[in-house]
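Q: Got upload_4.cif for you, mmCIF, C-alpha atoms:
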```
data_upload
#
loop_
_atom_site.label_atom_id
_atom_site.label_comp_id
_atom_site.auth_asym_id
_atom_site.auth_seq_id
_atom_site.Cartn_x
_atom_site.Cartn_y
_atom_site.Cartn_z
CA MET A 1 11.56 -84.85 -19.82
CA ARG A 2 13.72 -84.03 -22.84
CA VAL A 3 12.67 -81.30 -25.28
CA THR A 4 14.25 -80.46 -28.63
CA VAL A 5 13.96 -76.74 -29.30
CA ILE A 6 14.70 -75.42 -32.78
CA GLY A 7 14.37 -71.67 -33.05
CA ASP A 8 15.43 -69.11 -35.63
CA ARG A 9 16.01 -65.37 -35.82
CA PHE A 10 12.31 -64.59 -35.65
CA ILE A 11 11.16 -67.07 -33.02
CA TRP A 12 14.13 -67.49 -30.73
CA SER A 13 14.80 -70.74 -28.90
CA SER A 14 14.86 -68.73 -25.67
CA PHE A 15 11.19 -67.81 -26.24
CA PHE A 16 10.32 -71.50 -26.34
CA LYS A 17 12.33 -72.25 -23.21
CA GLU A 18 10.71 -69.43 -21.23
CA ALA A 19 7.24 -70.70 -22.11
CA LEU A 20 8.14 -74.35 -21.52
CA GLU A 21 9.40 -73.52 -18.03
CA ARG A 22 6.15 -71.69 -17.27
CA TYR A 23 3.68 -74.19 -18.73
CA LEU A 24 5.32 -77.62 -18.96
CA SER A 25 7.87 -77.77 -16.15
CA PRO A 26 5.22 -77.56 -13.36
CA ILE A 27 3.58 -80.62 -14.92
CA ALA A 28 6.56 -82.69 -16.08
CA GLY A 29 9.25 -81.62 -13.64
CA LYS A 30 12.80 -80.79 -14.69
CA LEU A 31 13.22 -80.32 -18.42
CA THR A 32 16.41 -80.98 -20.35
CA TYR A 33 16.97 -79.34 -23.70
CA ALA A 34 18.62 -79.99 -27.04
CA THR A 35 18.73 -76.59 -28.72
CA LYS A 36 19.49 -75.18 -32.13
CA ASP A 37 18.83 -71.81 -33.79
CA GLU A 38 18.63 -71.57 -37.58
CA ASN A 39 19.49 -68.46 -39.61
CA TRP A 40 16.07 -67.82 -41.14
CA PRO A 41 14.95 -65.25 -42.26
CA ASP A 42 18.49 -64.23 -43.19
CA VAL A 43 18.51 -67.31 -45.45
CA PRO A 44 15.49 -68.26 -47.60
CA LEU A 45 13.17 -71.20 -47.03
CA VAL A 46 13.50 -74.31 -49.19
CA SER A 47 11.23 -77.23 -50.09
CA ASN A 48 11.70 -80.79 -51.25
CA ASP A 49 9.53 -83.68 -52.40
CA GLU A 50 8.54 -84.54 -48.82
CA ILE A 51 7.95 -81.24 -47.02
CA GLY A 52 7.83 -77.53 -47.81
CA GLU A 53 9.00 -74.15 -46.56
CA PHE A 54 11.68 -75.26 -44.11
CA VAL A 55 15.19 -74.26 -43.12
CA GLY A 56 17.83 -76.58 -41.72
CA ASP A 57 19.43 -79.95 -42.37
CA PRO A 58 17.09 -82.90 -41.63
CA SER A 59 20.02 -85.12 -40.68
CA GLU A 60 21.13 -82.59 -38.06
CA ILE A 61 17.61 -82.33 -36.69
CA ALA A 62 17.34 -86.13 -36.54
CA GLU A 63 20.54 -86.35 -34.49
CA LEU A 64 19.51 -83.45 -32.24
CA SER A 65 16.07 -84.88 -31.45
CA LYS A 66 17.13 -88.40 -30.47
CA GLY A 67 15.67 -89.29 -27.09
CA SER A 68 13.32 -86.30 -26.98
CA ASP A 69 9.70 -86.50 -25.82
CA VAL A 70 8.81 -83.14 -27.38
CA ILE A 71 9.94 -81.09 -30.36
CA VAL A 72 9.06 -77.41 -30.62
CA THR A 73 9.96 -75.44 -33.71
CA HIS A 74 8.93 -72.87 -36.22
CA LEU A 75 10.49 -73.96 -39.51
CA ALA A 76 12.75 -76.95 -38.85
CA PRO A 77 12.38 -79.90 -41.27
CA ILE A 78 10.54 -82.69 -39.47
CA THR A 79 10.82 -85.47 -42.03
CA ARG A 80 10.05 -89.17 -41.80
CA ALA A 81 13.74 -89.78 -41.08
CA VAL A 82 13.64 -87.30 -38.19
CA LEU A 83 10.56 -89.01 -36.76
CA GLU A 84 12.11 -92.46 -37.09
CA ALA A 85 15.19 -91.25 -35.20
CA SER A 86 13.00 -89.85 -32.40
CA GLU A 87 11.64 -93.09 -30.92
CA SER A 88 10.34 -91.52 -27.72
CA LEU A 89 8.72 -88.51 -29.37
CA GLN A 90 5.13 -87.88 -28.26
CA ILE A 91 4.20 -84.42 -29.55
CA ILE A 92 5.45 -81.72 -31.91
CA GLY A 93 4.67 -78.03 -31.51
CA CYS A 94 4.94 -75.92 -34.68
CA CYS A 95 4.54 -72.13 -34.45
CA ARG A 96 2.78 -71.57 -37.74
CA GLY A 97 -0.67 -71.93 -39.23
CA GLY A 98 0.14 -74.54 -41.85
CA PRO A 99 2.88 -76.94 -40.65
CA VAL A 100 4.08 -77.80 -44.15
CA ASN A 101 7.60 -78.32 -42.79
CA ILE A 102 6.35 -81.45 -40.99
CA ASN A 103 5.52 -84.81 -42.55
CA VAL A 104 2.10 -84.94 -40.93
CA ALA A 105 1.19 -88.33 -42.40
CA ALA A 106 4.37 -89.93 -41.05
CA ALA A 107 3.83 -88.37 -37.63
CA SER A 108 0.25 -89.65 -37.53
CA GLN A 109 1.40 -93.14 -38.47
CA ARG A 110 3.73 -93.06 -35.48
CA LYS A 111 0.90 -91.75 -33.24
CA ILE A 112 2.67 -88.42 -32.67
CA ALA A 113 0.40 -85.43 -32.11
CA ILE A 114 1.12 -82.11 -33.84
CA VAL A 115 -0.11 -78.81 -32.47
CA ASN A 116 0.16 -75.56 -34.39
CA ALA A 117 -0.69 -71.87 -34.05
CA PRO A 118 -3.31 -70.80 -36.59
CA GLY A 119 -4.12 -67.12 -36.47
CA ARG A 120 -0.95 -66.23 -34.58
CA ASN A 121 -0.15 -63.44 -37.05
CA SER A 122 -3.63 -62.48 -38.23
CA GLN A 123 -3.57 -59.05 -36.58
CA THR A 124 -0.09 -58.50 -37.95
CA VAL A 125 -1.16 -59.27 -41.53
CA VAL A 126 -4.29 -57.13 -41.18
CA GLU A 127 -2.26 -54.08 -40.14
CA PHE A 128 0.37 -54.69 -42.82
CA THR A 129 -2.28 -55.06 -45.51
CA LEU A 130 -3.82 -51.75 -44.52
CA GLY A 131 -0.34 -50.23 -44.58
CA LEU A 132 0.28 -51.50 -48.11
CA ILE A 133 -3.07 -50.18 -49.31
CA LEU A 134 -2.28 -46.72 -47.95
CA THR A 135 1.31 -46.83 -49.21
CA GLU A 136 0.38 -47.74 -52.77
CA CYS A 137 -2.75 -45.64 -53.12
CA ARG A 138 -0.97 -42.51 -51.83
CA GLY A 139 2.34 -43.12 -53.63
CA ILE A 140 4.35 -43.19 -50.41
CA SER A 141 6.90 -45.75 -51.57
CA ARG A 142 7.51 -43.93 -54.87
CA ALA A 143 8.10 -40.65 -53.04
CA HIS A 144 10.45 -42.28 -50.56
CA CYS A 145 12.50 -44.19 -53.14
CA ALA A 146 13.04 -41.01 -55.17
CA LEU A 147 13.93 -38.84 -52.19
CA ALA A 148 16.33 -41.50 -50.86
CA LYS A 149 18.21 -41.02 -54.15
CA GLY A 150 18.18 -37.24 -53.74
CA VAL A 151 15.33 -36.68 -56.20
CA TRP A 152 12.54 -34.33 -55.11
CA ARG A 153 9.36 -35.67 -56.77
CA GLY A 154 7.29 -32.52 -56.57
CA ASP A 155 5.48 -33.81 -59.65
CA LEU A 156 3.69 -36.33 -57.41
CA TYR A 157 1.51 -33.41 -56.33
CA ARG A 158 0.20 -33.07 -59.89
CA TYR A 159 -3.45 -34.03 -60.32
CA ASP A 160 -2.63 -36.67 -62.92
CA ARG A 161 0.04 -38.30 -60.70
CA THR A 162 -1.25 -37.93 -57.17
CA GLY A 163 -3.02 -40.74 -55.35
CA ARG A 164 -6.54 -41.16 -54.05
CA GLU A 165 -8.05 -41.08 -50.59
CA LEU A 166 -9.41 -44.35 -49.22
CA ASN A 167 -12.46 -42.56 -47.93
CA GLY A 168 -15.46 -43.48 -50.04
CA GLN A 169 -13.59 -45.94 -52.28
CA THR A 170 -14.84 -49.45 -53.07
CA ILE A 171 -12.60 -52.34 -52.06
CA GLY A 172 -13.01 -55.96 -53.11
CA LEU A 173 -11.71 -58.71 -50.84
CA ILE A 174 -11.09 -62.02 -52.61
CA GLY A 175 -11.39 -64.66 -49.89
CA PHE A 176 -13.18 -64.05 -46.62
CA GLY A 177 -11.24 -65.91 -43.97
CA ILE A 178 -10.10 -64.62 -40.61
CA ILE A 179 -7.73 -61.94 -41.96
CA ALA A 180 -10.27 -60.47 -44.37
CA ARG A 181 -12.91 -60.47 -41.64
CA MET A 182 -10.58 -58.72 -39.21
CA LEU A 183 -9.74 -56.16 -41.89
CA VAL A 184 -13.38 -55.09 -42.34
CA PRO A 185 -13.64 -52.73 -39.30
CA TYR A 186 -10.46 -50.91 -40.35
CA LEU A 187 -11.82 -50.40 -43.85
CA LYS A 188 -15.15 -49.23 -42.49
CA SER A 189 -13.36 -46.52 -40.56
CA PHE A 190 -12.55 -45.01 -43.97
CA GLN A 191 -16.21 -45.23 -44.99
CA MET A 192 -15.32 -47.72 -47.71
CA ARG A 193 -17.78 -49.89 -49.59
CA ILE A 194 -16.63 -53.49 -49.03
CA LEU A 195 -17.27 -56.25 -51.57
CA ILE A 196 -16.59 -59.95 -50.93
CA TYR A 197 -15.95 -62.93 -53.19
CA ASP A 198 -15.63 -66.31 -51.54
CA PRO A 199 -17.43 -69.38 -52.94
CA TYR A 200 -17.10 -71.16 -49.60
CA VAL A 201 -18.93 -68.46 -47.65
CA THR A 202 -22.65 -67.77 -47.99
CA PRO A 203 -24.25 -64.32 -48.21
CA GLU A 204 -25.97 -65.13 -44.91
CA GLN A 205 -22.57 -65.59 -43.26
CA THR A 206 -21.25 -62.29 -44.59
CA ALA A 207 -24.39 -60.28 -43.83
CA ALA A 208 -23.37 -59.80 -40.19
CA PHE A 209 -20.20 -57.99 -41.34
CA GLY A 210 -22.09 -55.38 -43.34
CA VAL A 211 -20.37 -56.29 -46.60
CA GLU A 212 -21.69 -57.18 -50.05
CA HIS A 213 -21.29 -60.76 -51.29
CA LEU A 214 -20.76 -60.85 -55.08
CA ASP A 215 -19.52 -63.11 -57.84
CA LEU A 216 -15.90 -62.63 -58.87
CA ASP A 217 -16.55 -60.84 -62.17
CA THR A 218 -18.85 -58.27 -60.58
CA LEU A 219 -16.38 -57.65 -57.77
CA LEU A 220 -13.52 -57.09 -60.22
CA GLU A 221 -15.58 -54.69 -62.33
CA SER A 222 -16.79 -52.70 -59.30
CA SER A 223 -13.70 -52.31 -57.11
CA ASP A 224 -11.27 -49.41 -56.91
CA ILE A 225 -8.94 -51.58 -54.84
CA ILE A 226 -8.70 -55.38 -54.87
CA SER A 227 -7.03 -57.26 -52.02
CA MET A 228 -6.20 -60.99 -52.08
CA HIS A 229 -7.07 -63.14 -49.06
CA ALA A 230 -7.71 -66.58 -50.59
CA ARG A 231 -5.93 -69.75 -49.51
CA ALA A 232 -3.28 -71.20 -51.80
CA THR A 233 -4.65 -74.48 -53.18
CA PRO A 234 -4.44 -76.23 -56.55
CA GLU A 235 -7.88 -74.75 -57.27
CA THR A 236 -6.81 -71.16 -56.60
CA ARG A 237 -3.42 -71.29 -58.36
CA GLY A 238 -3.33 -68.50 -60.92
CA MET A 239 -6.94 -67.52 -60.17
CA ILE A 240 -6.14 -63.90 -61.03
CA GLY A 241 -4.77 -63.79 -64.57
CA GLU A 242 -5.05 -61.81 -67.78
CA LYS A 243 -8.82 -62.20 -68.05
CA GLU A 244 -9.36 -61.05 -64.47
CA PHE A 245 -6.99 -58.07 -64.78
CA ARG A 246 -8.84 -56.94 -67.90
CA ARG A 247 -12.12 -57.01 -65.97
CA MET A 248 -10.78 -54.66 -63.30
CA LYS A 249 -11.69 -51.00 -63.39
CA PRO A 250 -9.17 -48.80 -65.23
CA GLY A 251 -6.96 -47.21 -62.60
CA ALA A 252 -7.65 -49.84 -59.91
CA TYR A 253 -5.05 -50.93 -57.36
CA PHE A 254 -4.13 -54.56 -56.71
CA ILE A 255 -2.90 -55.75 -53.28
CA ASN A 256 -1.57 -59.23 -52.40
CA THR A 257 -0.53 -60.26 -48.90
CA ALA A 258 -1.85 -63.81 -49.34
CA ARG A 259 0.22 -66.06 -51.63
CA GLY A 260 2.07 -65.35 -54.86
CA SER A 261 0.74 -68.52 -56.50
CA LEU A 262 -2.74 -66.95 -56.64
CA VAL A 263 -1.61 -64.50 -59.31
CA ASP A 264 -0.30 -64.74 -62.86
CA GLU A 265 2.55 -62.31 -62.36
CA ASN A 266 3.22 -61.88 -66.09
CA ALA A 267 -0.38 -60.78 -66.57
CA LEU A 268 -0.04 -58.38 -63.63
CA TYR A 269 3.11 -56.91 -65.15
CA ALA A 270 1.31 -56.32 -68.44
CA ALA A 271 -1.64 -54.62 -66.71
CA LEU A 272 0.71 -52.31 -64.81
CA LYS A 273 3.06 -51.62 -67.72
CA GLU A 274 0.16 -50.73 -69.99
CA GLY A 275 -1.35 -48.44 -67.34
CA ARG A 276 -4.60 -50.38 -67.03
CA LEU A 277 -3.94 -50.62 -63.29
CA ALA A 278 -2.80 -47.59 -61.32
CA GLY A 279 -0.57 -49.65 -59.08
CA ALA A 280 0.03 -52.82 -57.10
CA ALA A 281 1.49 -53.73 -53.74
CA LEU A 282 2.82 -57.25 -53.22
CA ASP A 283 4.29 -58.99 -50.20
CA THR A 284 4.30 -62.52 -51.65
CA PHE A 285 5.64 -63.92 -54.89
CA SER A 286 5.52 -67.15 -56.87
CA THR A 287 9.30 -67.44 -56.46
CA GLU A 288 10.85 -66.20 -53.24
CA PRO A 289 13.08 -64.35 -53.40
CA PRO A 290 12.30 -63.23 -56.96
CA PRO A 291 15.23 -63.04 -59.38
CA ALA A 292 17.15 -59.77 -59.55
CA ASP A 293 16.03 -59.18 -63.16
CA TRP A 294 12.34 -59.81 -62.40
CA SER A 295 10.10 -57.64 -64.54
CA LEU A 296 7.98 -56.25 -61.68
CA LEU A 297 11.09 -54.85 -60.00
CA LYS A 298 11.51 -52.49 -62.93
CA LEU A 299 8.14 -50.76 -62.62
CA ASP A 300 7.56 -47.48 -60.81
CA ASN A 301 3.92 -48.19 -59.91
CA VAL A 302 4.58 -51.18 -57.65
CA THR A 303 5.32 -51.45 -53.92
CA LEU A 304 7.18 -54.66 -53.06
CA THR A 305 8.07 -56.08 -49.64
CA PRO A 306 9.91 -59.36 -48.88
CA HIS A 307 7.08 -61.50 -47.42
CA ILE A 308 7.07 -59.76 -44.05
CA ALA A 309 3.35 -59.11 -43.55
CA GLY A 310 3.16 -61.82 -40.88
CA SER A 311 6.14 -60.61 -38.88
CA SER A 312 5.77 -58.74 -35.60
CA ARG A 313 7.20 -59.23 -32.15
CA GLU A 314 3.71 -59.94 -30.86
CA ALA A 315 3.13 -62.63 -33.49
CA ALA A 316 6.35 -64.41 -32.56
CA ARG A 317 5.44 -64.54 -28.88
CA ARG A 318 1.80 -65.40 -29.59
CA GLY A 319 2.74 -68.47 -31.62
CA VAL A 320 5.04 -69.77 -28.90
CA GLU A 321 2.43 -69.30 -26.19
CA SER A 322 -0.19 -71.14 -28.23
CA VAL A 323 1.81 -74.27 -29.00
CA VAL A 324 3.48 -74.58 -25.59
CA ARG A 325 0.16 -74.14 -23.80
CA ASP A 326 -1.26 -76.99 -25.90
CA ILE A 327 1.77 -79.18 -25.25
CA ALA A 328 1.30 -78.76 -21.51
CA GLY A 329 -2.38 -79.59 -21.91
CA PHE A 330 -1.49 -82.73 -23.85
CA PHE A 331 0.38 -84.20 -20.91
CA ILE A 332 -2.53 -83.74 -18.51
CA GLY A 333 -5.19 -84.97 -20.92
CA LYS A 334 -6.70 -81.55 -21.55
CA PRO A 335 -8.54 -80.96 -24.86
CA LEU A 336 -6.15 -79.26 -27.27
CA GLU A 337 -6.93 -75.93 -28.89
CA HIS A 338 -5.13 -76.63 -32.16
CA CYS A 339 -4.23 -80.17 -33.18
CA VAL A 340 -3.36 -80.89 -36.81
CA ASN A 341 -3.96 -84.64 -36.54
CA PRO A 342 -6.65 -85.09 -33.86
CA ILE A 343 -7.28 -88.69 -34.89
CA VAL A 344 -4.31 -89.73 -32.78
CA LEU A 345 -5.98 -88.13 -29.77
CA ASN A 346 -9.44 -89.49 -30.47
CA GLU A 347 -8.04 -92.99 -30.54
CA ASN A 348 -6.09 -92.36 -27.34
CA LEU A 349 -2.93 -93.35 -29.14
CA CYS A 350 -0.72 -90.50 -27.99
CA ARG A 351 -0.89 -90.70 -24.21
CA LYS A 352 2.39 -92.21 -23.10
CA THR A 353 3.17 -92.01 -19.42
#
```
Step by step, read the file and then write its structure as C-alpha cells.

A:
Amino acid sequence: MRVTVIGDRFIWSSFFKEALERYLSPIAGKLTYATKDENWPDVPLVSNDEIGEFVGDPSEIAELSKGSDVIVTHLAPITRAVLEASESLQIIGCCRGGPVNINVAAASQRKIAIVNAPGRNSQTVVEFTLGLILTECRGISRAHCALAKGVWRGDLYRYDRTGRELNGQTIGLIGFGIIARMLVPYLKSFQMRILIYDPYVTPEQTAAFGVEHLDLDTLLESSDIISMHARATPETRGMIGEKEFRRMKPGAYFINTARGSLVDENALYAALKEGRLAGAALDTFSTEPPPADWSLLKLDNVTLTPHIAGSSREAARRGVESVVRDIAGFFIGKPLEHCVNPIVLNENLCRKT
C-alpha cells in the first residue's frame, strides 16, 4: 500500500510514519511512502478561492500523491486537482478539527473518505486560555516586556496600576463548546462566578456544569473578564463590536483564543485606548500575521501571542494517533470515530479492496 505523508514543523512526517507502522502495516502489509515536510509554522498559512488555511504548492502535492491509496497531512492543500491526480486514493487523514485545507465536496464526489481529529488540542487551548487570563489580569507581560528592556516597573505595584486576583471574579464565556466546558473546572478552582452565553445550548444543558446561562447583554454587563469561545461562522463574524464593548463593565478584561473574525478589532482598540477596558489578551487576529503598524501592537494594556494556543507536543501526537487509528479502522470495516463525509461510508462507496 502506498501512503503520501505531508508533515510540517509541528506535526512531523516521522510521527505519521511511526503511527502508520503501528496501526496500518499489520493490516495492509508493507507500506511505501511518498514524503514531504512543509515549513509551517515558520511560514504563514494562505487561502484561495477553493480551500483555506494551507501551506504548500498544490501542483507538488498532486505529483507526490500519484498512485497513493492514503494521504495523511496536517495543512497540505488537497484541491480538486490533487484528488483528480490521485486515482487510487481511498482515504485522507487530516490532523485538525476543521479540514478547510481539503476540498471536501470534491473528495466526496470521488467517494474518498476524510477523517479528522476534532478536539486534538482542546486541553492545550484550555491551559493556554487560563495562562492568558492570568498573564493579562496580573500584568505579567507588561512587567516582562519592560524588564527585558532594562526598565524596572516598580510602579506596577501601585494600587491604581496593579492587577486583580481571579479569586471571586465573574467571568463570561461566549460560546459553550468543548473548550469552554473543559475550562470550567479550572475557573471554579479560583472560586469564580461563571456566566455563559450560547444560543445553541439550553439552560438545562449548562445546569450540570454549575454555570449561569444568560443573554449576551447581561453577560457583558456582569463580567469582570470575558473570554471568547464561539465558532467562526458568517453569523458570528464581528459579533463583538463597539456596542458590545460599551456594554462591558468599566475595567473589564477581554480574552480571545477563538478566532479573530469574531471581533471588531478597531472597536477593541478604541475601548482599550480610551481606558474603558483594563486590558485584553489575544491569540488570534482577523489578519494573520497582523501588519507591523497594527494599532493594537502600540498599546501597553494588551497581551498578544501569534496563534499558538493550540500548540503542544501532546496535541501534535494526539492528532496523528486519532487519524491514523481511523485510517486503519477504515480498511477493516470498523466504524470510524471522526469522518467528515460519512455519506461515502453509509453508501458503502469507499471500500476498495

Q: Quick one, how far is atom CA of A:Gln169 from atom CA of A:Leu299?

A: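 That distance, rounded to one decimal, is 24.5 Å.
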
Q: Between atom CA of A:Leu187 and atom CA of A:Thr202, what distance in Å does the model show, to one decimal?

A: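 Taking atom CA of A:Leu187 and atom CA of A:Thr202, their separation equals 20.9 Å.
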
Q: With only C-alpha atoms as the atoms that count, which of A:Pro289, A:Cys95, A:Ala232, A:Gly210 lies nearest to A:Val43?

A: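 Distance minimum relative to A:Val43 lands on A:Pro289.
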
Q: Show which residues sit within 9 Å of A:Ala117, as number ranges by chain. Count all atoms listed in the file, and ignore same-chain residues fewer than 3 positions away.

A: A: 93-98, 120-121, 318-323, 338

Q: Keeping only C-alpha atoms, write the selected residues to a file as a PDB file, keeping the file's coordinate frame.

A:
```pdb
ATOM      1  CA  GLY A  93       4.670 -78.030 -31.510  1.00  0.00           C
ATOM      2  CA  CYS A  94       4.940 -75.920 -34.680  1.00  0.00           C
ATOM      3  CA  CYS A  95       4.540 -72.130 -34.450  1.00  0.00           C
ATOM      4  CA  ARG A  96       2.780 -71.570 -37.740  1.00  0.00           C
ATOM      5  CA  GLY A  97      -0.670 -71.930 -39.230  1.00  0.00           C
ATOM      6  CA  GLY A  98       0.140 -74.540 -41.850  1.00  0.00           C
ATOM      7  CA  ARG A 120      -0.950 -66.230 -34.580  1.00  0.00           C
ATOM      8  CA  ASN A 121      -0.150 -63.440 -37.050  1.00  0.00           C
ATOM      9  CA  ARG A 318       1.800 -65.400 -29.590  1.00  0.00           C
ATOM     10  CA  GLY A 319       2.740 -68.470 -31.620  1.00  0.00           C
ATOM     11  CA  VAL A 320       5.040 -69.770 -28.900  1.00  0.00           C
ATOM     12  CA  GLU A 321       2.430 -69.300 -26.190  1.00  0.00           C
ATOM     13  CA  SER A 322      -0.190 -71.140 -28.230  1.00  0.00           C
ATOM     14  CA  VAL A 323       1.810 -74.270 -29.000  1.00  0.00           C
ATOM     15  CA  HIS A 338      -5.130 -76.630 -32.160  1.00  0.00           C
TER      16      HIS A 338
END
```

Q: Any chance you could work out the residue set of the PyMOL selection byres ((chain A and resi 17-24) around 9) here, as a ChimeraX atom specification?

A: /A:5,13-16,25-31,33,320-321,324-325,327-329,331

Q: Enumerate, as a PDB file with C-alpha atoms, in the coordinates of the input, the residues matched when the PyMOL selection byres ((chain A and resi 65-67) around 6) is run on the file above.

A:
```pdb
ATOM      1  CA  THR A   4      14.250 -80.460 -28.630  1.00  0.00           C
ATOM      2  CA  ALA A  62      17.340 -86.130 -36.540  1.00  0.00           C
ATOM      3  CA  GLU A  63      20.540 -86.350 -34.490  1.00  0.00           C
ATOM      4  CA  LEU A  64      19.510 -83.450 -32.240  1.00  0.00           C
ATOM      5  CA  SER A  68      13.320 -86.300 -26.980  1.00  0.00           C
ATOM      6  CA  ALA A  85      15.190 -91.250 -35.200  1.00  0.00           C
ATOM      7  CA  SER A  86      13.000 -89.850 -32.400  1.00  0.00           C
ATOM      8  CA  SER A  88      10.340 -91.520 -27.720  1.00  0.00           C
TER       9      SER A  88
END
```

Q: Under the PyMOL selection byres ((chain A and resi 302) around 8), which residues of this model are included? Write them out as a PyMOL selection string.

A: chain A and resi 136+279-282+296-297+299-301+303-304

Q: Between A:Asn341, A:Pro41, A:Glu53, A:Ile78, which is the closest to A:Ile6 once you count all atoms listed in the file?

A: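 Nearest candidate to A:Ile6 out of A:Asn341, A:Pro41, A:Glu53, A:Ile78: A:Ile78.
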
Q: How would stretch 222-239 of chain A read, as a PDB file, in the frame of the given file, once N, CA and C atoms are built in?

A:
```
ATOM      1  N   SER A 222     -16.243 -53.744 -60.168  1.00  0.00           N
ATOM      2  CA  SER A 222     -16.790 -52.700 -59.300  1.00  0.00           C
ATOM      3  C   SER A 222     -15.790 -52.095 -58.329  1.00  0.00           C
ATOM      4  N   SER A 223     -14.619 -52.693 -58.183  1.00  0.00           N
ATOM      5  CA  SER A 223     -13.700 -52.310 -57.110  1.00  0.00           C
ATOM      6  C   SER A 223     -12.640 -51.321 -57.554  1.00  0.00           C
ATOM      7  N   ASP A 224     -12.391 -50.327 -56.712  1.00  0.00           N
ATOM      8  CA  ASP A 224     -11.270 -49.410 -56.910  1.00  0.00           C
ATOM      9  C   ASP A 224      -9.967 -50.024 -56.420  1.00  0.00           C
ATOM     10  N   ILE A 225     -10.088 -50.878 -55.421  1.00  0.00           N
ATOM     11  CA  ILE A 225      -8.940 -51.580 -54.840  1.00  0.00           C
ATOM     12  C   ILE A 225      -9.340 -53.037 -54.685  1.00  0.00           C
ATOM     13  N   ILE A 226      -8.442 -53.952 -55.021  1.00  0.00           N
ATOM     14  CA  ILE A 226      -8.700 -55.380 -54.870  1.00  0.00           C
ATOM     15  C   ILE A 226      -7.596 -55.970 -54.007  1.00  0.00           C
ATOM     16  N   SER A 227      -7.993 -56.694 -52.970  1.00  0.00           N
ATOM     17  CA  SER A 227      -7.030 -57.260 -52.020  1.00  0.00           C
ATOM     18  C   SER A 227      -7.237 -58.767 -51.922  1.00  0.00           C
ATOM     19  N   MET A 228      -6.141 -59.524 -52.062  1.00  0.00           N
ATOM     20  CA  MET A 228      -6.200 -60.990 -52.080  1.00  0.00           C
ATOM     21  C   MET A 228      -6.130 -61.559 -50.663  1.00  0.00           C
ATOM     22  N   HIS A 229      -7.068 -62.480 -50.367  1.00  0.00           N
ATOM     23  CA  HIS A 229      -7.070 -63.140 -49.060  1.00  0.00           C
ATOM     24  C   HIS A 229      -7.468 -64.616 -49.172  1.00  0.00           C
ATOM     25  N   ALA A 230      -7.355 -65.175 -50.370  1.00  0.00           N
ATOM     26  CA  ALA A 230      -7.710 -66.580 -50.590  1.00  0.00           C
ATOM     27  C   ALA A 230      -6.574 -67.491 -50.139  1.00  0.00           C
ATOM     28  N   ARG A 231      -6.921 -68.739 -49.840  1.00  0.00           N
ATOM     29  CA  ARG A 231      -5.930 -69.750 -49.510  1.00  0.00           C
ATOM     30  C   ARG A 231      -5.253 -70.245 -50.778  1.00  0.00           C
ATOM     31  N   ALA A 232      -4.003 -70.639 -50.665  1.00  0.00           N
ATOM     32  CA  ALA A 232      -3.280 -71.200 -51.800  1.00  0.00           C
ATOM     33  C   ALA A 232      -3.587 -72.696 -51.893  1.00  0.00           C
ATOM     34  N   THR A 233      -4.297 -73.088 -52.916  1.00  0.00           N
ATOM     35  CA  THR A 233      -4.650 -74.480 -53.180  1.00  0.00           C
ATOM     36  C   THR A 233      -4.472 -74.726 -54.676  1.00  0.00           C
ATOM     37  N   PRO A 234      -4.486 -75.984 -55.103  1.00  0.00           N
ATOM     38  CA  PRO A 234      -4.440 -76.230 -56.550  1.00  0.00           C
ATOM     39  C   PRO A 234      -5.575 -75.523 -57.291  1.00  0.00           C
ATOM     40  N   GLU A 235      -6.721 -75.395 -56.655  1.00  0.00           N
ATOM     41  CA  GLU A 235      -7.880 -74.750 -57.270  1.00  0.00           C
ATOM     42  C   GLU A 235      -7.671 -73.251 -57.465  1.00  0.00           C
ATOM     43  N   THR A 236      -6.970 -72.610 -56.527  1.00  0.00           N
ATOM     44  CA  THR A 236      -6.810 -71.160 -56.600  1.00  0.00           C
ATOM     45  C   THR A 236      -5.525 -70.717 -57.288  1.00  0.00           C
ATOM     46  N   ARG A 237      -4.672 -71.664 -57.686  1.00  0.00           N
ATOM     47  CA  ARG A 237      -3.420 -71.290 -58.360  1.00  0.00           C
ATOM     48  C   ARG A 237      -3.734 -70.498 -59.628  1.00  0.00           C
ATOM     49  N   GLY A 238      -3.137 -69.329 -59.743  1.00  0.00           N
ATOM     50  CA  GLY A 238      -3.330 -68.500 -60.920  1.00  0.00           C
ATOM     51  C   GLY A 238      -4.751 -68.013 -61.126  1.00  0.00           C
ATOM     52  N   MET A 239      -5.527 -67.898 -60.030  1.00  0.00           N
ATOM     53  CA  MET A 239      -6.940 -67.520 -60.170  1.00  0.00           C
ATOM     54  C   MET A 239      -7.115 -66.094 -60.687  1.00  0.00           C
TER      55      MET A 239
END
```
